[in-house]
>>> print(open('run_36.pdb').read())   # PDB, C-alpha atoms
ATOM      1  CA  MET M   1      16.219 -45.939 -66.316
ATOM      2  CA  ALA M   2      14.810 -45.964 -62.770
ATOM      3  CA  TYR M   3      14.142 -42.654 -60.992
ATOM      4  CA  ASP M   4      15.554 -40.860 -64.082
ATOM      5  CA  ILE M   5      19.040 -42.086 -63.185
ATOM      6  CA  GLN M   6      21.065 -43.567 -66.043
ATOM      7  CA  ILE M   7      22.104 -47.184 -65.721
ATOM      8  CA  GLY M   8      25.736 -47.386 -64.662
ATOM      9  CA  TYR M   9      25.857 -43.797 -63.381
ATOM     10  CA  SER M  10      28.670 -43.062 -60.964
ATOM     11  CA  SER M  11      29.357 -39.725 -59.310
ATOM     12  CA  ILE M  12      32.554 -37.956 -60.355
ATOM     13  CA  LEU M  13      33.103 -36.784 -56.778
ATOM     14  CA  THR M  14      33.161 -38.865 -53.615
ATOM     15  CA  LEU M  15      30.700 -38.054 -50.832
ATOM     16  CA  ARG M  16      33.331 -36.107 -48.913
ATOM     17  CA  GLU M  17      34.406 -34.222 -52.028
ATOM     18  CA  THR M  18      30.754 -33.433 -52.784
ATOM     19  CA  VAL M  19      30.210 -31.894 -49.353
ATOM     20  CA  GLU M  20      33.446 -29.909 -49.677
ATOM     21  CA  ALA M  21      32.421 -28.652 -53.135
ATOM     22  CA  ILE M  22      28.965 -27.574 -51.953
ATOM     23  CA  SER M  23      30.548 -25.592 -49.116
ATOM     24  CA  LEU M  24      33.201 -24.046 -51.394
ATOM     25  CA  VAL M  25      30.639 -22.846 -53.924
ATOM     26  CA  LYS M  26      28.449 -21.265 -51.263
ATOM     27  CA  ARG M  27      31.336 -19.544 -49.494
ATOM     28  CA  GLU M  28      32.795 -18.069 -52.683
ATOM     29  CA  LEU M  29      29.431 -17.018 -54.105
ATOM     30  CA  VAL M  30      28.364 -15.201 -50.947
ATOM     31  CA  ARG M  31      31.703 -13.410 -50.586
ATOM     32  CA  ARG M  32      31.693 -12.168 -54.170
ATOM     33  CA  LEU M  33      28.018 -11.171 -54.209
ATOM     34  CA  ILE M  34      28.463  -9.077 -51.058
ATOM     35  CA  ILE M  35      31.376  -7.186 -52.597
ATOM     36  CA  GLN M  36      29.855  -6.787 -56.066
ATOM     37  CA  PHE M  37      26.470  -5.459 -54.919
ATOM     38  CA  ASN M  38      27.363  -3.772 -51.605
ATOM     39  CA  LEU M  39      25.245  -6.144 -49.527
ATOM     40  CA  LEU M  40      24.714  -6.663 -45.809
ATOM     41  CA  LYS M  41      24.546 -10.361 -44.945
ATOM     42  CA  VAL M  42      21.651 -11.018 -42.586
ATOM     43  CA  ASP M  43      20.334 -14.200 -40.988
ATOM     44  CA  ALA M  44      16.712 -14.334 -42.123
ATOM     45  CA  PRO M  45      14.104 -15.656 -39.677
ATOM     46  CA  LEU M  46      12.912 -19.246 -39.896
ATOM     47  CA  ILE M  47       9.295 -18.339 -39.066
ATOM     48  CA  SER M  48       6.929 -15.391 -39.154
ATOM     49  CA  SER M  49       3.394 -14.800 -37.940
ATOM     50  CA  ALA M  50       0.797 -15.619 -40.597
ATOM     51  CA  GLU M  51      -0.901 -12.216 -40.338
ATOM     52  CA  LYS M  52       2.234 -10.422 -41.583
ATOM     53  CA  GLY M  53       1.789 -12.022 -45.012
ATOM     54  CA  LEU M  54       5.525 -12.519 -45.615
ATOM     55  CA  ASN M  55       5.149 -15.906 -47.275
ATOM     56  CA  ASP M  56       4.898 -16.501 -51.003
ATOM     57  CA  ASP M  57       2.028 -18.898 -51.765
ATOM     58  CA  PHE M  58       2.547 -18.904 -55.552
ATOM     59  CA  GLN M  59      -1.049 -17.917 -56.347
ATOM     60  CA  MET M  60      -2.337 -20.144 -53.544
ATOM     61  CA  THR M  61      -0.888 -23.290 -55.137
ATOM     62  CA  GLU M  62       1.334 -24.077 -52.157
ATOM     63  CA  ARG M  63       0.084 -24.679 -48.653
ATOM     64  CA  PRO M  64       1.789 -22.874 -45.780
ATOM     65  CA  ILE M  65       3.571 -24.887 -43.123
ATOM     66  CA  ASP M  66       1.925 -23.377 -40.078
ATOM     67  CA  PHE M  67       1.463 -24.169 -36.402
ATOM     68  CA  ASP M  68      -0.025 -22.672 -33.259
ATOM     69  CA  ILE M  69       2.280 -21.101 -30.685
ATOM     70  CA  SER M  70       1.309 -21.621 -27.038
ATOM     71  CA  PRO M  71       0.203 -19.826 -24.980
ATOM     72  CA  SER M  72       0.005 -16.718 -27.177
ATOM     73  CA  ASN M  73      -2.591 -18.044 -29.657
ATOM     74  CA  LEU M  74      -0.384 -16.823 -32.504
ATOM     75  CA  VAL M  75      -0.087 -18.787 -35.752
ATOM     76  CA  GLY M  76       3.464 -19.204 -36.989
ATOM     77  CA  GLU M  77       4.502 -20.004 -40.567
ATOM     78  CA  ILE M  78       7.810 -21.336 -41.844
ATOM     79  CA  LEU M  79       9.056 -18.821 -44.391
ATOM     80  CA  GLN M  80       9.121 -20.535 -47.775
ATOM     81  CA  SER M  81      10.576 -17.436 -49.456
ATOM     82  CA  HIS M  82      12.557 -14.474 -48.133
ATOM     83  CA  ASN M  83      11.822 -11.873 -50.819
ATOM     84  CA  LYS M  84       9.133 -10.058 -48.844
ATOM     85  CA  TRP M  85      11.113 -10.282 -45.617
ATOM     86  CA  ARG M  86      14.245  -8.781 -47.210
ATOM     87  CA  ARG M  87      12.241  -5.920 -48.713
ATOM     88  CA  SER M  88      10.727  -5.151 -45.312
ATOM     89  CA  ALA M  89      14.102  -5.443 -43.569
ATOM     90  CA  ILE M  90      15.714  -2.889 -45.891
ATOM     91  CA  VAL M  91      13.415  -0.268 -44.337
ATOM     92  CA  ARG M  92      14.140  -1.313 -40.744
ATOM     93  CA  TYR M  93      17.907  -1.422 -41.264
ATOM     94  CA  GLU M  94      17.863   2.048 -42.831
ATOM     95  CA  LEU M  95      19.966   1.117 -45.834
ATOM     96  CA  ASP M  96      20.909   3.707 -48.417
ATOM     97  CA  GLU M  97      20.365   3.609 -52.167
ATOM     98  CA  ASN M  98      22.635   1.084 -53.933
ATOM     99  CA  GLU M  99      22.864  -1.002 -50.760
ATOM    100  CA  GLY M 100      21.061  -4.252 -50.091
ATOM    101  CA  ILE M 101      20.500  -7.319 -47.953
ATOM    102  CA  LEU M 102      21.700 -10.863 -48.688
ATOM    103  CA  THR M 103      20.283 -13.980 -47.059
ATOM    104  CA  THR M 104      21.078 -17.670 -47.348
ATOM    105  CA  ALA M 105      18.306 -20.071 -46.519
ATOM    106  CA  MET M 106      17.224 -23.675 -46.515
ATOM    107  CA  VAL M 107      13.766 -23.480 -48.054
ATOM    108  CA  LEU M 108      10.955 -25.962 -47.458
ATOM    109  CA  ARG M 109       8.077 -26.173 -49.940
ATOM    110  CA  ARG M 110       5.781 -29.067 -49.193
ATOM    111  CA  ASP M 111       3.823 -29.041 -52.489
ATOM    112  CA  ILE M 112       6.747 -29.307 -54.912
ATOM    113  CA  LYS M 113       6.629 -32.530 -56.901
ATOM    114  CA  GLN M 114       9.923 -34.252 -56.132
ATOM    115  CA  SER M 115      12.021 -35.440 -59.063
ATOM    116  CA  ASN M 116      15.662 -35.855 -60.015
ATOM    117  CA  SER M 117      15.949 -32.031 -60.121
ATOM    118  CA  GLN M 118      13.469 -30.971 -57.398
ATOM    119  CA  ALA M 119      13.217 -31.711 -53.688
ATOM    120  CA  VAL M 120      10.839 -30.331 -51.079
ATOM    121  CA  THR M 121      13.922 -28.710 -49.555
ATOM    122  CA  PHE M 122      16.465 -26.593 -51.395
ATOM    123  CA  SER M 123      19.139 -24.054 -50.638
ATOM    124  CA  GLU M 124      18.769 -20.476 -51.920
ATOM    125  CA  ILE M 125      21.009 -17.420 -51.892
ATOM    126  CA  GLY M 126      19.023 -14.229 -52.369
ATOM    127  CA  PHE M 127      19.465 -10.481 -52.165
ATOM    128  CA  ASP M 128      17.399  -7.325 -52.517
ATOM    129  CA  LEU M 129      18.921  -4.031 -53.658
ATOM    130  CA  LEU M 130      17.535  -0.608 -52.804
ATOM    131  CA  LEU M 131      17.525   1.395 -56.042
ATOM    132  CA  ASP M 132      15.718   4.371 -57.481
ATOM    133  CA  GLU M 133      12.544   2.785 -58.841
ATOM    134  CA  LYS M 134      13.006   4.490 -62.216
ATOM    135  CA  LYS M 135      16.363   2.723 -62.611
ATOM    136  CA  ILE M 136      14.872  -0.756 -62.271
ATOM    137  CA  THR M 137      14.383  -1.555 -65.935
ATOM    138  CA  LEU M 138      14.778  -4.681 -68.028
ATOM    139  CA  LEU M 139      18.236  -3.402 -68.939
ATOM    140  CA  LYS M 140      19.148  -3.140 -65.240
ATOM    141  CA  ILE M 141      17.906  -6.682 -64.709
ATOM    142  CA  GLN M 142      20.069  -7.818 -67.636
ATOM    143  CA  GLU M 143      23.122  -6.062 -66.194
ATOM    144  CA  THR M 144      22.516  -7.649 -62.786
ATOM    145  CA  ILE M 145      22.173 -11.145 -64.244
ATOM    146  CA  ASP M 146      25.346 -10.648 -66.289
ATOM    147  CA  LYS M 147      27.256  -9.702 -63.136
ATOM    148  CA  VAL M 148      25.941 -12.718 -61.207
ATOM    149  CA  ILE M 149      26.768 -15.103 -64.061
ATOM    150  CA  ASN M 150      30.294 -13.663 -64.159
ATOM    151  CA  ILE M 151      30.585 -14.375 -60.447
ATOM    152  CA  ILE M 152      29.324 -17.932 -60.941
ATOM    153  CA  THR M 153      31.905 -18.390 -63.707
ATOM    154  CA  GLU M 154      34.686 -17.211 -61.381
ATOM    155  CA  VAL M 155      33.511 -19.609 -58.673
ATOM    156  CA  GLU M 156      33.315 -22.440 -61.197
ATOM    157  CA  ASP M 157      36.959 -21.832 -62.122
ATOM    158  CA  ILE M 158      37.943 -22.135 -58.448
ATOM    159  CA  LEU M 159      35.897 -25.334 -58.211
ATOM    160  CA  LEU M 160      37.652 -26.810 -61.261
ATOM    161  CA  LEU M 161      41.067 -26.034 -59.795
ATOM    162  CA  LYS M 162      40.197 -28.089 -56.720
ATOM    163  CA  PHE M 163      38.316 -30.797 -58.606
ATOM    164  CA  PRO M 164      39.767 -30.934 -62.150
ATOM    165  CA  ARG M 165      37.740 -34.038 -62.993
ATOM    166  CA  LEU M 166      34.682 -31.787 -63.395
ATOM    167  CA  ASN M 167      33.920 -30.126 -66.728
ATOM    168  CA  LYS M 168      33.568 -26.440 -67.570
ATOM    169  CA  LYS M 169      29.941 -25.419 -68.139
ATOM    170  CA  PHE M 170      29.574 -21.645 -68.095
ATOM    171  CA  GLY M 171      30.636 -19.456 -70.993
ATOM    172  CA  LYS M 172      30.309 -15.736 -71.558
ATOM    173  CA  LYS M 173      27.273 -15.834 -73.831
ATOM    174  CA  LEU M 174      23.749 -15.443 -72.427
ATOM    175  CA  ASN M 175      20.722 -15.751 -74.686
ATOM    176  CA  TRP M 176      17.601 -13.676 -74.026
ATOM    177  CA  THR M 177      14.202 -14.748 -75.282
ATOM    178  CA  SER M 178      10.618 -14.053 -74.261
ATOM    179  CA  HIS M 179       7.920 -16.547 -73.344
ATOM    180  CA  SER M 180       5.957 -15.408 -76.392
ATOM    181  CA  GLU M 181       8.890 -15.917 -78.755
ATOM    182  CA  LEU M 182       9.477 -19.367 -77.351
ATOM    183  CA  GLN M 183       5.798 -20.268 -77.805
ATOM    184  CA  LYS M 184       5.701 -18.935 -81.347
ATOM    185  CA  ALA M 185       8.787 -20.915 -82.388
ATOM    186  CA  MET M 186       7.616 -24.215 -80.867
ATOM    187  CA  ARG M 187       3.818 -24.172 -80.739
ATOM    188  CA  LEU M 188       3.311 -27.923 -80.551
ATOM    189  CA  LEU M 189       5.650 -28.487 -77.607
ATOM    190  CA  SER M 190       4.979 -28.173 -73.886
ATOM    191  CA  HIS M 191       6.640 -25.389 -71.890
ATOM    192  CA  GLN M 192       9.312 -27.763 -70.508
ATOM    193  CA  GLU M 193       9.941 -29.273 -73.951
ATOM    194  CA  ARG M 194      10.470 -25.786 -75.388
ATOM    195  CA  LEU M 195      12.959 -24.965 -72.669
ATOM    196  CA  ASN M 196      14.761 -28.267 -73.208
ATOM    197  CA  ARG M 197      15.201 -27.700 -76.920
ATOM    198  CA  TYR M 198      16.063 -24.001 -76.728
ATOM    199  CA  THR M 199      18.654 -24.276 -73.949
ATOM    200  CA  ARG M 200      20.226 -27.360 -75.504
ATOM    201  CA  GLU M 201      20.704 -25.487 -78.777
ATOM    202  CA  HIS M 202      21.557 -22.007 -77.447
ATOM    203  CA  GLY M 203      23.081 -22.494 -74.007
ATOM    204  CA  ALA M 204      22.296 -20.475 -70.866
ATOM    205  CA  THR M 205      19.032 -18.628 -71.467
ATOM    206  CA  ILE M 206      17.251 -15.738 -69.766
ATOM    207  CA  LEU M 207      13.473 -16.020 -70.153
ATOM    208  CA  TYR M 208      11.356 -12.880 -69.708
ATOM    209  CA  GLY M 209       7.936 -11.494 -70.714
ATOM    210  CA  LEU M 210       5.930 -13.185 -67.972
ATOM    211  CA  LYS M 211       3.203 -10.528 -67.810
ATOM    212  CA  LYS M 212       1.959 -11.153 -71.337
ATOM    213  CA  ILE M 213       1.523 -14.913 -70.972
ATOM    214  CA  ILE M 214      -0.150 -14.631 -67.559
ATOM    215  CA  THR M 215      -2.510 -11.914 -68.809
ATOM    216  CA  ASN M 216      -3.365 -13.950 -71.913
ATOM    217  CA  ASN M 217      -3.497 -17.173 -69.869
ATOM    218  CA  THR M 218      -1.408 -19.030 -72.460
ATOM    219  CA  ILE M 219       0.729 -20.900 -69.915
ATOM    220  CA  GLU M 220      -0.297 -21.994 -66.442
ATOM    221  CA  ILE M 221       2.423 -20.459 -64.264
ATOM    222  CA  SER M 222       1.804 -19.886 -60.570
ATOM    223  CA  GLU M 223       3.789 -16.704 -59.888
ATOM    224  CA  SER M 224       2.380 -14.659 -57.025
ATOM    225  CA  GLN M 225       0.956 -11.265 -57.857
ATOM    226  CA  ASP M 226       2.205  -9.483 -54.736
ATOM    227  CA  VAL M 227       5.914 -10.322 -54.958
ATOM    228  CA  PHE M 228       7.333  -9.382 -58.366
ATOM    229  CA  ASN M 229       6.386  -7.100 -61.229
ATOM    230  CA  TRP M 230       5.648  -9.644 -63.970
ATOM    231  CA  GLU M 231       6.777  -7.173 -66.631
ATOM    232  CA  LEU M 232      10.222  -6.847 -65.008
ATOM    233  CA  TYR M 233      10.901 -10.475 -64.208
ATOM    234  CA  ALA M 234      13.473 -12.817 -65.756
ATOM    235  CA  LYS M 235      14.482 -16.401 -65.020
ATOM    236  CA  ILE M 236      17.793 -18.138 -65.739
ATOM    237  CA  PHE M 237      17.760 -21.553 -67.420
ATOM    238  CA  VAL M 238      20.568 -23.897 -68.429
ATOM    239  CA  TYR M 239      20.541 -27.246 -70.177
ATOM    240  CA  ASP M 240      21.830 -29.997 -67.907
ATOM    241  CA  PHE M 241      23.381 -32.626 -70.161
ATOM    242  CA  ILE M 242      23.580 -35.085 -67.260
ATOM    243  CA  LEU M 243      19.842 -34.842 -66.554
ATOM    244  CA  GLU M 244      19.034 -34.226 -70.251
ATOM    245  CA  LYS M 245      16.677 -31.347 -69.529
ATOM    246  CA  ALA M 246      16.576 -27.624 -68.783
ATOM    247  CA  ILE M 247      16.696 -26.525 -65.148
ATOM    248  CA  CYS M 248      16.121 -23.118 -63.567
ATOM    249  CA  LEU M 249      19.037 -21.627 -61.624
ATOM    250  CA  GLY M 250      17.407 -18.429 -60.421
ATOM    251  CA  TYR M 251      15.597 -15.190 -61.169
ATOM    252  CA  CYS M 252      15.924 -11.408 -61.129
ATOM    253  CA  ALA M 253      12.956  -9.063 -60.843
ATOM    254  CA  ALA M 254      11.558  -5.775 -59.591
ATOM    255  CA  SER M 255       9.266  -6.003 -56.593
ATOM    256  CA  VAL M 256       5.723  -4.712 -57.014
ATOM    257  CA  ASN M 257       4.740  -1.125 -56.315
ATOM    258  CA  ARG M 258       1.224   0.043 -55.425
ATOM    259  CA  ASP M 259      -0.022   0.358 -59.002
ATOM    260  CA  VAL M 260       1.475  -2.938 -60.172
ATOM    261  CA  LEU M 261       0.052  -4.746 -57.147
ATOM    262  CA  LYS M 262      -3.424  -3.404 -57.925
ATOM    263  CA  GLU M 263      -3.128  -4.385 -61.594
ATOM    264  CA  GLN M 264      -1.864  -7.897 -60.893
ATOM    265  CA  LEU M 265      -4.414  -8.512 -58.141
ATOM    266  CA  ALA M 266      -7.129  -7.620 -60.659
ATOM    267  CA  ILE M 267      -5.838 -10.368 -62.963
ATOM    268  CA  THR M 268      -5.726 -13.084 -60.294
ATOM    269  CA  LYS M 269      -8.682 -11.728 -58.277
ATOM    270  CA  GLU M 270      -6.985 -12.334 -54.912
ATOM    271  CA  THR M 271      -7.886  -9.040 -53.240
ATOM    272  CA  ILE M 272      -8.097 -10.847 -49.887
ATOM    273  CA  LYS M 273      -4.312 -10.552 -49.737
ATOM    274  CA  LEU M 274      -4.629  -6.821 -49.148
ATOM    275  CA  LYS M 275      -5.673  -7.724 -45.610
ATOM    276  CA  THR M 276      -2.155  -8.891 -44.788
ATOM    277  CA  GLU M 277       0.263  -6.451 -43.191
ATOM    278  CA  TYR M 278       2.765  -6.732 -46.055
ATOM    279  CA  ASP M 279       0.351  -6.100 -48.930
ATOM    280  CA  ALA M 280      -1.270  -3.246 -47.028
ATOM    281  CA  LYS M 281       2.141  -1.574 -46.741
ATOM    282  CA  VAL M 282       2.773  -2.007 -50.480
ATOM    283  CA  ALA M 283      -0.670  -0.572 -51.248
ATOM    284  CA  THR M 284       0.098   2.530 -49.182
ATOM    285  CA  ASP M 285       3.649   3.029 -50.513
ATOM    286  CA  GLU M 286       5.268   2.233 -47.167
ATOM    287  CA  LEU M 287       7.805  -0.160 -48.711
ATOM    288  CA  PRO M 288      10.410   0.821 -51.311
ATOM    289  CA  VAL M 289      10.591  -1.013 -54.627
ATOM    290  CA  THR M 290      13.669  -3.246 -54.723
ATOM    291  CA  LEU M 291      15.624  -5.241 -57.272
ATOM    292  CA  SER M 292      15.432  -8.839 -56.114
ATOM    293  CA  PHE M 293      17.704 -11.715 -57.117
ATOM    294  CA  GLY M 294      17.419 -15.357 -56.129
ATOM    295  CA  LEU M 295      19.940 -18.115 -56.864
ATOM    296  CA  TYR M 296      18.746 -21.698 -56.477
ATOM    297  CA  LYS M 297      21.924 -22.998 -54.896
ATOM    298  CA  SER M 298      20.871 -26.663 -54.863
ATOM    299  CA  GLN M 299      20.128 -26.640 -58.600
ATOM    300  CA  LEU M 300      23.441 -24.885 -59.236
ATOM    301  CA  ASP M 301      25.267 -27.566 -57.218
ATOM    302  CA  LEU M 302      23.437 -30.269 -59.149
ATOM    303  CA  PHE M 303      24.589 -28.670 -62.409
ATOM    304  CA  LEU M 304      28.184 -27.830 -61.472
ATOM    305  CA  LEU M 305      28.919 -31.137 -59.747
ATOM    306  CA  GLU M 306      27.406 -33.182 -62.605
ATOM    307  CA  LYS M 307      25.047 -35.141 -60.404
ATOM    308  CA  GLN M 308      22.163 -37.298 -61.587
ATOM    309  CA  HIS M 309      19.827 -36.587 -58.684
ATOM    310  CA  ILE M 310      19.099 -33.571 -56.487
ATOM    311  CA  GLY M 311      19.245 -35.862 -53.447
ATOM    312  CA  GLU M 312      23.020 -36.025 -53.959
ATOM    313  CA  VAL M 313      23.408 -32.313 -53.100
ATOM    314  CA  ILE M 314      20.551 -31.548 -50.676
ATOM    315  CA  ALA M 315      19.058 -33.517 -47.782
ATOM    316  CA  SER M 316      15.347 -34.279 -48.114
ATOM    317  CA  VAL M 317      12.819 -37.050 -47.484
ATOM    318  CA  TRP M 318      12.639 -39.814 -50.073
ATOM    319  CA  SER M 319      10.733 -43.064 -50.468
ATOM    320  CA  ASP M 320      12.276 -46.252 -49.098
ATOM    321  CA  ASP M 321      12.256 -47.718 -52.615
ATOM    322  CA  PHE M 322      14.354 -44.857 -53.960
ATOM    323  CA  LEU M 323      16.810 -44.969 -51.051
ATOM    324  CA  GLU M 324      17.177 -48.728 -51.501
ATOM    325  CA  TYR M 325      17.821 -48.268 -55.235
ATOM    326  CA  ALA M 326      20.431 -45.574 -54.563
ATOM    327  CA  ALA M 327      22.213 -47.699 -51.958
ATOM    328  CA  LYS M 328      22.354 -50.727 -54.288
ATOM    329  CA  ASN M 329      23.806 -48.610 -57.063
ATOM    330  CA  GLY M 330      26.401 -46.796 -54.971
ATOM    331  CA  ILE M 331      24.673 -43.389 -55.156
ATOM    332  CA  ASP M 332      25.243 -41.287 -52.041
ATOM    333  CA  ILE M 333      22.034 -39.505 -50.974
ATOM    334  CA  LEU M 334      22.478 -36.758 -48.383
TER     335      LEU M 334
END
>>> encode(input="run_36.pdb", output="structure tokens")
Amino acid sequence: MAYDIQIGYSSILTLRETVEAISLVKRELVRRLIIQFNLLKVDAPLISSAEKGLNDDFQMTERPIDFDISPSNLVGEILQSHNKWRRSAIVRYELDENEGILTTAMVLRRDIKQSNSQAVTFSEIGFDLLLDEKKITLLKIQETIDKVINIITEVEDILLLKFPRLNKKFGKKLNWTSHSELQKAMRLLSHQERLNRYTREHGATILYGLKKIITNNTIEISESQDVFNWELYAKIFVYDFILEKAICLGYCAASVNRDVLKEQLAITKETIKLKTEYDAKVATDELPVTLSFGLYKSQLDLFLLEKQHIGEVIASVWSDDFLEYAAKNGIDIL
């Protein structure tokens, strides 16, 4: 099996149908999310100045894509994540409680290891909600995820009406488990192997309890300390029977407040970040805590459209050998 593509694989949808399906899913998701969560759709910026600190470097494991801007001597960075930008924009746009901002973005992350489920580019739909900080609990995160999954299920039904050759994948049941519970049940397996087995057996799974494993250093996970509250952070996983492995479709979390930022910076010892404009505002309570949701649209397309490779649903840069293999085997790479 070359490039993790099964011998004899053939896409259910044609190239044109694939492009139509990708557009349909995005359009219907955005429309429903805006209505459900009272969101303002905003075009997020492509770049920001480095000194603002709006990028997410995933505990300094991913290099920024930066460049000098003439003749101002400014350093620009391509935004690899819009969580910090949305949180800052909520203040500028003077939104009220229970309102939020939604963005759609093509994300570029140069240090991701490309595979059949990951590309250096991917599409993401994200929103931040302005809520009373006391209301942002694990239960609220659960309720938010349930609502988004219901929306995805509705969109999937529309997709199946247009393309009945596809199979139904989302049900009503969501399984919640913590990182610690997963470790305890499958001690001898790697993190990915645990996810593979659990999601295959139980279906769509929400994984939480990140703070404990980062604090105890039991799993090497590069989640930035100045973006989300690790204690109020959950990720959505499904088992992809086409790829034969678990993939992550998105996350829901509370953004950090001043005390959480201080605590998490102490764990990772990256106090230099406080020099950025964004972290300084968090440290002085100038930014409200938000409920943040991110949907990895490319991974969702990969899952819903039953594709064998992420390159079939998102344009990226691939090796000549892979492109030659795909062409010989009738696999349409965008």
>>> resolve_selection(input="run_36.pdb", expression="the PyMOL selection byres ((chain M and resi 263) around 12)", output="PyMOL selection string")
chain M and resi 211+215+225-226+229-231+256-262+264-271+283
>>> closest_residue(input="run_36.pdb", among="M:Thr177, M:Asn55, M:Ser49, M:Asn38", to="Ser224 in chain M", atoms="all atoms listed in the file")
M:Asn55
>>> residues_around(input="run_36.pdb", residues="range 243-247 of chain M", least_positions_apart="2", cutoff="7 Å", atoms="only C-alpha atoms", output="list of chain:residue names")
M:Leu195, M:Asn196, M:Thr199, M:Phe237, M:Val238, M:Tyr239, M:Asp240, M:Phe241, M:Leu249, M:Gln308
>>> residues_around(input="run_36.pdb", residues="Ile69 in chain M", least_positions_apart="3", cutoff="12 Å", atoms="all atoms listed in the file", output="ChimeraX atom specification")
/M:47-50,66,72-77
>>> residues_near_point(input="run_36.pdb", point="(14.3, -14.5, -70.6)", cutoff="12 Å", atoms="only C-alpha atoms", output="MDAnalysis selection string")
chainID M and resid 138:139 141:142 145 174:182 195 198:199 204:210 230:238 248 250:253
>>> closest_residue(input="run_36.pdb", among="M:Ile34, M:Leu108, M:Gly100, M:Ile158", to="Ile65 in chain M", atoms="only C-alpha atoms")
M:Leu108
>>> residues_around(input="run_36.pdb", residues="Val42 in chain M", least_positions_apart="3", cutoff="12 Å", atoms="all atoms listed in the file", output="ChimeraX atom specification")
/M:30,34,39,45,82,85-86,89-90,93,100-105,125-128
>>> resolve_selection(input="run_36.pdb", expression="the PyMOL selection byres ((chain M and resi 110-113) around 12)", output="CSV table (one decimal) with C-alpha atoms, in the coordinates of the input")
chain,number,residue,atom,x,y,z
M,57,ASP,CA,2.0,-18.9,-51.8
M,58,PHE,CA,2.5,-18.9,-55.6
M,60,MET,CA,-2.3,-20.1,-53.5
M,61,THR,CA,-0.9,-23.3,-55.1
M,62,GLU,CA,1.3,-24.1,-52.2
M,63,ARG,CA,0.1,-24.7,-48.7
M,64,PRO,CA,1.8,-22.9,-45.8
M,65,ILE,CA,3.6,-24.9,-43.1
M,66,ASP,CA,1.9,-23.4,-40.1
M,78,ILE,CA,7.8,-21.3,-41.8
M,79,LEU,CA,9.1,-18.8,-44.4
M,80,GLN,CA,9.1,-20.5,-47.8
M,107,VAL,CA,13.8,-23.5,-48.1
M,108,LEU,CA,11.0,-26.0,-47.5
M,109,ARG,CA,8.1,-26.2,-49.9
M,114,GLN,CA,9.9,-34.3,-56.1
M,115,SER,CA,12.0,-35.4,-59.1
M,116,ASN,CA,15.7,-35.9,-60.0
M,117,SER,CA,15.9,-32.0,-60.1
M,118,GLN,CA,13.5,-31.0,-57.4
M,119,ALA,CA,13.2,-31.7,-53.7
M,120,VAL,CA,10.8,-30.3,-51.1
M,121,THR,CA,13.9,-28.7,-49.6
M,122,PHE,CA,16.5,-26.6,-51.4
M,316,SER,CA,15.3,-34.3,-48.1
M,317,VAL,CA,12.8,-37.0,-47.5
M,318,TRP,CA,12.6,-39.8,-50.1
>>> closest_residue(input="run_36.pdb", among="M:Asp321, M:Ile242, M:Leu54, M:Asp332", to="Asn167 in chain M", atoms="all atoms listed in the file")
M:Ile242
